[in-house]
Amino acid sequence: MEAKPQLASEGQPKTGNSAMILKTGSGWTRGLENLLSGELRRWFGTRTWLVQIIIWAMAINFIFLMVALNSSGGDMSSSDSIMIFNIFLGLVGPIGVSILMQSAVVEEKNSGTAAWVLSKPVSRIAFILSKMISNVIGVGATMLVAQGLIAYLIAALVLHLRLPVLGFVAGLGVHLINILFYLTLTLMLGAIYNHGAPVIGIPLAFLFMQQYLASYLASIYAPLSSAFPWTLAIPLNNSQDLPVAGALMVGAPVATYLGVVTTLVFSILFTGIALRVFQSQEL
Amino acid sequence: MEFVIETNLLGKTFKKVRALTALNLRVPKNSIFGFLGPNGAGKTTTIKLLLGLIKPTSGSAKVFGLDTVRDSVALRSRLGYLPQDPRFYEYMTSREILMYTAHFFFKGPQAEIDRRVAETLELVGLEDKADRPIKGFSGGERQRLGIAQAQVNYPDLLILDEPAASLDPMGRRDVLEVMERLRKYTTIFYCTHILDDVQRVSDTVAILNRGELVSYGPIQELLAGSEGIAYEVKLKGDTTNLYQQIVAQPWVVGIQVKPHNEWTKWVVSVSDGAAAEHHFFRMLAADEGVIVSDYHIREHELEEVFLRIVEGGQHGS
């Protein structure tokens, strides 16, 4: 059996066989760097990123490409063509991210890996933040950057549209905010519940119900209809306004940024609740 | 004596189910502490309370003098834990799991961490499977990896929940050897159902039943039983006179005689251990008509003690 070394404290030089330098501190960031590197390895150290790019390309851009190829010789307007990409990204994105996040938290709680990780010197805040940050990066890269690039190329090469690059990037940023809403909502529900049905069911139910909810609220006070994440990516029924992401992508004026603000506020709120609930969660 | 774990009336209730009641436990430093009990006795609940994975509903616990609720992260930096059913990230290899675990404790240098990981893989016999994803690992291999990750950080306290479960006899032997070697450097607190293992390596034992501590103390005291000291001897020949001599001794409480073929087995209960130790064997040897083939102080098997305590519904330590 090996001799147990005397371990050096953080920042102290090593002496004799005290070769390893201990991490110290017990604040909320304890373990975050290592957790994040483990989570990012799950995304980019395996074939997950490639599989995700292929899945999202089939679910979002394959349909966009089919529509583009079938449009008669480039007579489709830029706003119409980009709307198809926006609608599919606006629907498939939240569904995909809800499925991914459900497995990220609930499965870890049920399988015991969360308890194993949290038996190490790791703060619970770091655990939740690592799930959130890594999945924002993973989803951002595979669903937004990769699919955005493919969509831009389809628009340029098949539809011969010259979309403003900055506006297109800003539109993808709005999609990121939309996806962040569902990601944090699922994270919060994953922290609250120990089984998958409500964690995945509630975000999906909200995704499809909100257009009716928005119409109802519009009858009470019209601007409220624009406060939903739906309006970031998909046009509301009976509305002439382009959704925020679509408008930015084609360089059209944005009717209102209310949806962006409320979506961001709710995302922050969901994250706060997730952190709070997980602190007292029994594993 | 220095104690690594100290609990004070520690209790836990899940909804309306009381899982642990007023547990008072002290685990001496550098001991191998066997924590026993039937399924549902509250062993895993106790471990989770010590790790800060759940919070007590009453009482408190300290590990290294640190409160398990307030100082949970700090105390976890000094311990290693093997869960009952170890589950790890399946996309990682066993080397990556150990590297990942080590990085929660150490900043570097990376070469030293690599060396420690390699050494730990060798210790548990996983060096040839080090770079294979753990997705295809057997239960025994997962258990070995679990033991490896629990002690990769040179913990001052190792908490093992069923460490020998899902291991074959050779794996079990290896685990017990590892535990005995680690005793010099660390305190081991472990739950198990394999009572032979406890009897072999533990120096202190606690038995939990229905959430209550029912027995607690050094294993030798527990094995001696509550009936006092007794000697077991196996004799051949005419034992009539010898019996009369022995039973007349003031330190003899009684003799139980069990004939077995041409041999006779006596269980001699004594009231004065020192007097018995001084005189008993001399008296046996002095009788030339009797052959003594076995002579020892009776020890109960741990399984016998455990079943008597648990099935007898003994409460209170």
# chains A, B, ... in the order shown; residues from 1 in each chain; ligands from 1
$ residues_around --residues "region 55-68 of chain A" --least-positions-apart "5" --cutoff "9 Å" --atoms "only C-alpha atoms" --output "VMD selection string"
chain A and resid 50 74 76 81 to 82 84 to 89 92 to 93 96 142 to 143 146 to 148 150 to 151 154 to 155 158 to 159
$ write_last_selection --atoms "C-alpha atoms" --output "PDB file, in the first residue's frame"
ATOM      1  CA  LEU A  50     -22.686  15.371 -34.056  1.00  0.00           C
ATOM      2  CA  GLY A  74     -36.655  32.227 -56.146  1.00  0.00           C
ATOM      3  CA  MET A  76     -40.404  33.350 -52.377  1.00  0.00           C
ATOM      4  CA  SER A  81     -38.696  31.716 -46.439  1.00  0.00           C
ATOM      5  CA  ILE A  82     -37.024  32.679 -43.191  1.00  0.00           C
ATOM      6  CA  ILE A  84     -40.367  28.636 -42.152  1.00  0.00           C
ATOM      7  CA  PHE A  85     -36.948  28.293 -40.546  1.00  0.00           C
ATOM      8  CA  ASN A  86     -38.090  30.408 -37.576  1.00  0.00           C
ATOM      9  CA  ILE A  87     -41.300  28.481 -37.039  1.00  0.00           C
ATOM     10  CA  PHE A  88     -39.555  25.113 -37.039  1.00  0.00           C
ATOM     11  CA  LEU A  89     -36.726  26.358 -34.836  1.00  0.00           C
ATOM     12  CA  VAL A  92     -38.535  22.058 -32.360  1.00  0.00           C
ATOM     13  CA  GLY A  93     -36.083  23.996 -30.169  1.00  0.00           C
ATOM     14  CA  GLY A  96     -35.706  19.320 -27.930  1.00  0.00           C
ATOM     15  CA  THR A 142     -25.737  22.375 -32.233  1.00  0.00           C
ATOM     16  CA  MET A 143     -29.186  23.922 -32.557  1.00  0.00           C
ATOM     17  CA  ALA A 146     -24.952  24.951 -36.707  1.00  0.00           C
ATOM     18  CA  GLN A 147     -28.581  25.176 -37.870  1.00  0.00           C
ATOM     19  CA  GLY A 148     -28.319  28.938 -38.343  1.00  0.00           C
ATOM     20  CA  ILE A 150     -27.052  25.754 -42.601  1.00  0.00           C
ATOM     21  CA  ALA A 151     -30.189  27.906 -42.923  1.00  0.00           C
ATOM     22  CA  ILE A 154     -29.775  27.441 -47.897  1.00  0.00           C
ATOM     23  CA  ALA A 155     -31.150  30.988 -48.106  1.00  0.00           C
ATOM     24  CA  VAL A 158     -30.923  27.956 -52.993  1.00  0.00           C
ATOM     25  CA  LEU A 159     -33.130  31.033 -52.551  1.00  0.00           C
TER      26      LEU A 159
END
$ select_by_dssp --residues "region 36-277 of chain B" --states "strand (DSSP E or B)" --output "ChimeraX atom specification"
/B:36,58-63,66-67,79-82,93,106-108,133,157-161,187-191,204-209,212-218,230-237,252-260,263-270
$ residues_around --residues "Arg183 (chain B)" --least-positions-apart "2" --cutoff "12 Å" --atoms "only C-alpha atoms" --output "list in words"
Met1 and Lys4 of chain A; Pro28, Lys29, Asn30, Ser31, Ile32, Phe33, Tyr154, Pro155, Asp156, Leu157, Leu158, Leu176, Glu177, Val178, Met179, Glu180, Arg181, Tyr185, Thr186, Thr187, Ile188, Phe189, Val201, Ser202 and Asp203 of chain B
$ closest_residue --among "A:Thr48, A:Ser119, A:Ser226, A:Asn70" --to "chain B" --atoms "only C-alpha atoms"
A:Ser119
$ interface_residues --of "chain B" --to "chain A" --cutoff "9 Å" --atoms "only C-alpha atoms" --output "PyMOL selection string"
chain B and resi 48+51-55+71-83+85-89+91-92+100-101+103-110+112-113+119+123+154+178+181-182+185
$ residues_around --residues "region 251-263 of chain A" --least-positions-apart "4" --cutoff "7 Å" --atoms "only C-alpha atoms" --output "short mmCIF file (atom, residue, chain, number, x, y, z; two decimals) with all heavy atoms, in the first residue's frame"
data_model
loop_
_atom_site.label_atom_id
_atom_site.label_comp_id
_atom_site.auth_asym_id
_atom_site.auth_seq_id
_atom_site.Cartn_x
_atom_site.Cartn_y
_atom_site.Cartn_z
N PRO A 164 -29.09 40.11 -43.99
CA PRO A 164 -28.08 40.85 -43.22
C PRO A 164 -27.46 39.94 -42.15
O PRO A 164 -28.19 39.35 -41.35
CB PRO A 164 -28.89 41.98 -42.57
CG PRO A 164 -30.30 41.52 -42.58
CD PRO A 164 -30.46 40.61 -43.77
N GLY A 167 -28.10 41.06 -38.48
CA GLY A 167 -29.51 40.85 -38.15
C GLY A 167 -29.80 39.37 -37.97
O GLY A 167 -30.55 38.98 -37.06
N ILE A 177 -32.76 33.12 -26.47
CA ILE A 177 -33.55 33.57 -25.31
C ILE A 177 -34.82 32.72 -25.20
O ILE A 177 -35.21 32.29 -24.12
CB ILE A 177 -33.88 35.08 -25.44
CG1 ILE A 177 -32.59 35.89 -25.30
CG2 ILE A 177 -34.91 35.51 -24.39
CD1 ILE A 177 -32.73 37.36 -25.69
N ASN A 178 -35.42 32.43 -26.34
CA ASN A 178 -36.62 31.58 -26.36
C ASN A 178 -36.30 30.19 -25.80
O ASN A 178 -37.03 29.66 -24.94
CB ASN A 178 -37.13 31.46 -27.81
CG ASN A 178 -38.40 30.64 -27.91
OD1 ASN A 178 -39.28 30.74 -27.06
ND2 ASN A 178 -38.50 29.83 -28.96
N PHE A 181 -35.70 30.03 -22.04
CA PHE A 181 -36.93 30.00 -21.24
C PHE A 181 -37.32 28.55 -20.95
O PHE A 181 -37.57 28.17 -19.79
CB PHE A 181 -38.05 30.71 -22.02
CG PHE A 181 -39.39 30.65 -21.35
CD1 PHE A 181 -39.78 31.64 -20.44
CD2 PHE A 181 -40.28 29.62 -21.61
CE1 PHE A 181 -41.02 31.59 -19.82
CE2 PHE A 181 -41.51 29.56 -20.99
CZ PHE A 181 -41.88 30.56 -20.10
N SER A 226 -48.06 40.11 -26.59
CA SER A 226 -46.65 40.08 -27.05
C SER A 226 -45.67 39.71 -25.96
O SER A 226 -44.46 39.73 -26.16
CB SER A 226 -46.26 41.47 -27.58
OG SER A 226 -47.17 41.88 -28.57
N ALA A 227 -46.22 39.37 -24.77
CA ALA A 227 -45.33 39.10 -23.64
C ALA A 227 -44.90 37.64 -23.58
O ALA A 227 -44.13 37.26 -22.69
CB ALA A 227 -46.01 39.49 -22.34
N PHE A 228 -45.37 36.82 -24.52
CA PHE A 228 -45.08 35.39 -24.45
C PHE A 228 -43.85 35.02 -25.28
O PHE A 228 -43.61 35.63 -26.33
CB PHE A 228 -46.30 34.60 -24.94
CG PHE A 228 -47.43 34.59 -23.96
CD1 PHE A 228 -48.33 35.65 -23.93
CD2 PHE A 228 -47.58 33.55 -23.05
CE1 PHE A 228 -49.37 35.66 -23.02
CE2 PHE A 228 -48.62 33.57 -22.13
CZ PHE A 228 -49.52 34.63 -22.11
N PRO A 229 -43.12 33.98 -24.88
CA PRO A 229 -41.95 33.55 -25.66
C PRO A 229 -42.32 33.15 -27.10
O PRO A 229 -41.50 33.26 -28.00
CB PRO A 229 -41.42 32.34 -24.88
CG PRO A 229 -42.15 32.25 -23.63
CD PRO A 229 -43.29 33.21 -23.63
N THR A 231 -43.98 34.65 -29.22
CA THR A 231 -43.89 35.77 -30.16
C THR A 231 -42.45 36.08 -30.57
O THR A 231 -42.23 36.88 -31.47
CB THR A 231 -44.50 37.05 -29.54
OG1 THR A 231 -43.74 37.38 -28.37
CG2 THR A 231 -45.94 36.87 -29.17
N LEU A 232 -41.50 35.43 -29.94
CA LEU A 232 -40.11 35.65 -30.34
C LEU A 232 -39.80 34.94 -31.66
O LEU A 232 -38.97 35.39 -32.44
CB LEU A 232 -39.14 35.15 -29.27
CG LEU A 232 -39.28 35.72 -27.85
CD1 LEU A 232 -38.12 35.27 -26.99
CD2 LEU A 232 -39.35 37.23 -27.88
N ASP A 241 -47.80 41.34 -37.32
CA ASP A 241 -46.42 41.58 -36.93
C ASP A 241 -45.55 40.35 -37.18
O ASP A 241 -45.98 39.22 -36.92
CB ASP A 241 -46.34 41.91 -35.43
CG ASP A 241 -47.04 43.22 -35.10
OD1 ASP A 241 -47.13 44.06 -36.01
OD2 ASP A 241 -47.48 43.36 -33.95
N VAL A 244 -40.15 38.48 -33.44
CA VAL A 244 -38.94 39.29 -33.22
C VAL A 244 -37.74 38.72 -33.99
O VAL A 244 -37.04 39.45 -34.70
CB VAL A 244 -38.61 39.37 -31.71
CG1 VAL A 244 -37.37 40.23 -31.46
CG2 VAL A 244 -39.79 39.92 -30.94
N ALA A 247 -38.09 39.18 -37.81
CA ALA A 247 -37.92 40.58 -38.21
C ALA A 247 -36.45 40.97 -38.24
O ALA A 247 -35.97 41.60 -39.19
CB ALA A 247 -38.69 41.48 -37.24
N SER A 267 -36.89 33.54 -17.27
CA SER A 267 -35.76 32.60 -17.27
C SER A 267 -34.92 32.79 -16.01
O SER A 267 -34.49 31.80 -15.38
CB SER A 267 -34.87 32.81 -18.50
OG SER A 267 -35.62 32.61 -19.67
#
$ select_by_dssp --residues "region 45-257 of chain B" --states "alpha helix (DSSP H)" --output "PyMOL selection string"
chain B and resi 45-51+72-76+94-102+110-123+139-151+169-182+195-201+219-224+240-247
$ residues_around --residues "Val105 (chain A)" --least-positions-apart "4" --cutoff "7 Å" --atoms "only C-alpha atoms" --output "PyMOL selection string"
chain A and resi 101+109+187+190-191
$ write_last_selection --atoms "N, CA and C atoms" --output "PDB file, in the first residue's frame"
ATOM      1  N   MET A 101     -33.085  18.510 -21.104  1.00  0.00           N
ATOM      2  CA  MET A 101     -32.950  18.952 -19.713  1.00  0.00           C
ATOM      3  C   MET A 101     -33.645  18.011 -18.743  1.00  0.00           C
ATOM      4  N   LYS A 109     -31.001  12.440 -10.684  1.00  0.00           N
ATOM      5  CA  LYS A 109     -31.494  12.281  -9.312  1.00  0.00           C
ATOM      6  C   LYS A 109     -31.917  10.830  -9.093  1.00  0.00           C
ATOM      7  N   LEU A 187     -35.395  22.906 -16.082  1.00  0.00           N
ATOM      8  CA  LEU A 187     -34.429  22.793 -14.978  1.00  0.00           C
ATOM      9  C   LEU A 187     -35.131  22.977 -13.633  1.00  0.00           C
ATOM     10  N   GLY A 190     -37.331  20.049 -12.983  1.00  0.00           N
ATOM     11  CA  GLY A 190     -36.470  18.901 -12.660  1.00  0.00           C
ATOM     12  C   GLY A 190     -35.979  18.965 -11.229  1.00  0.00           C
ATOM     13  N   ALA A 191     -35.757  20.177 -10.733  1.00  0.00           N
ATOM     14  CA  ALA A 191     -35.334  20.325  -9.337  1.00  0.00           C
ATOM     15  C   ALA A 191     -36.495  20.027  -8.390  1.00  0.00           C
TER      16      ALA A 191
END
$ closest_residue --among "B:Val253, B:Val63, B:Leu23, B:Leu223" --to "Glu299 (chain B)" --atoms "only C-alpha atoms"
B:Leu223
$ atom_distance --atom1 "CA of Ser58 (chain B)" --atom2 "CA of Leu10 (chain B)"
5.7 Å
$ atom_distance --atom1 "CA of Asp128 (chain B)" --atom2 "CA of Asn153 (chain B)"
21.5 Å
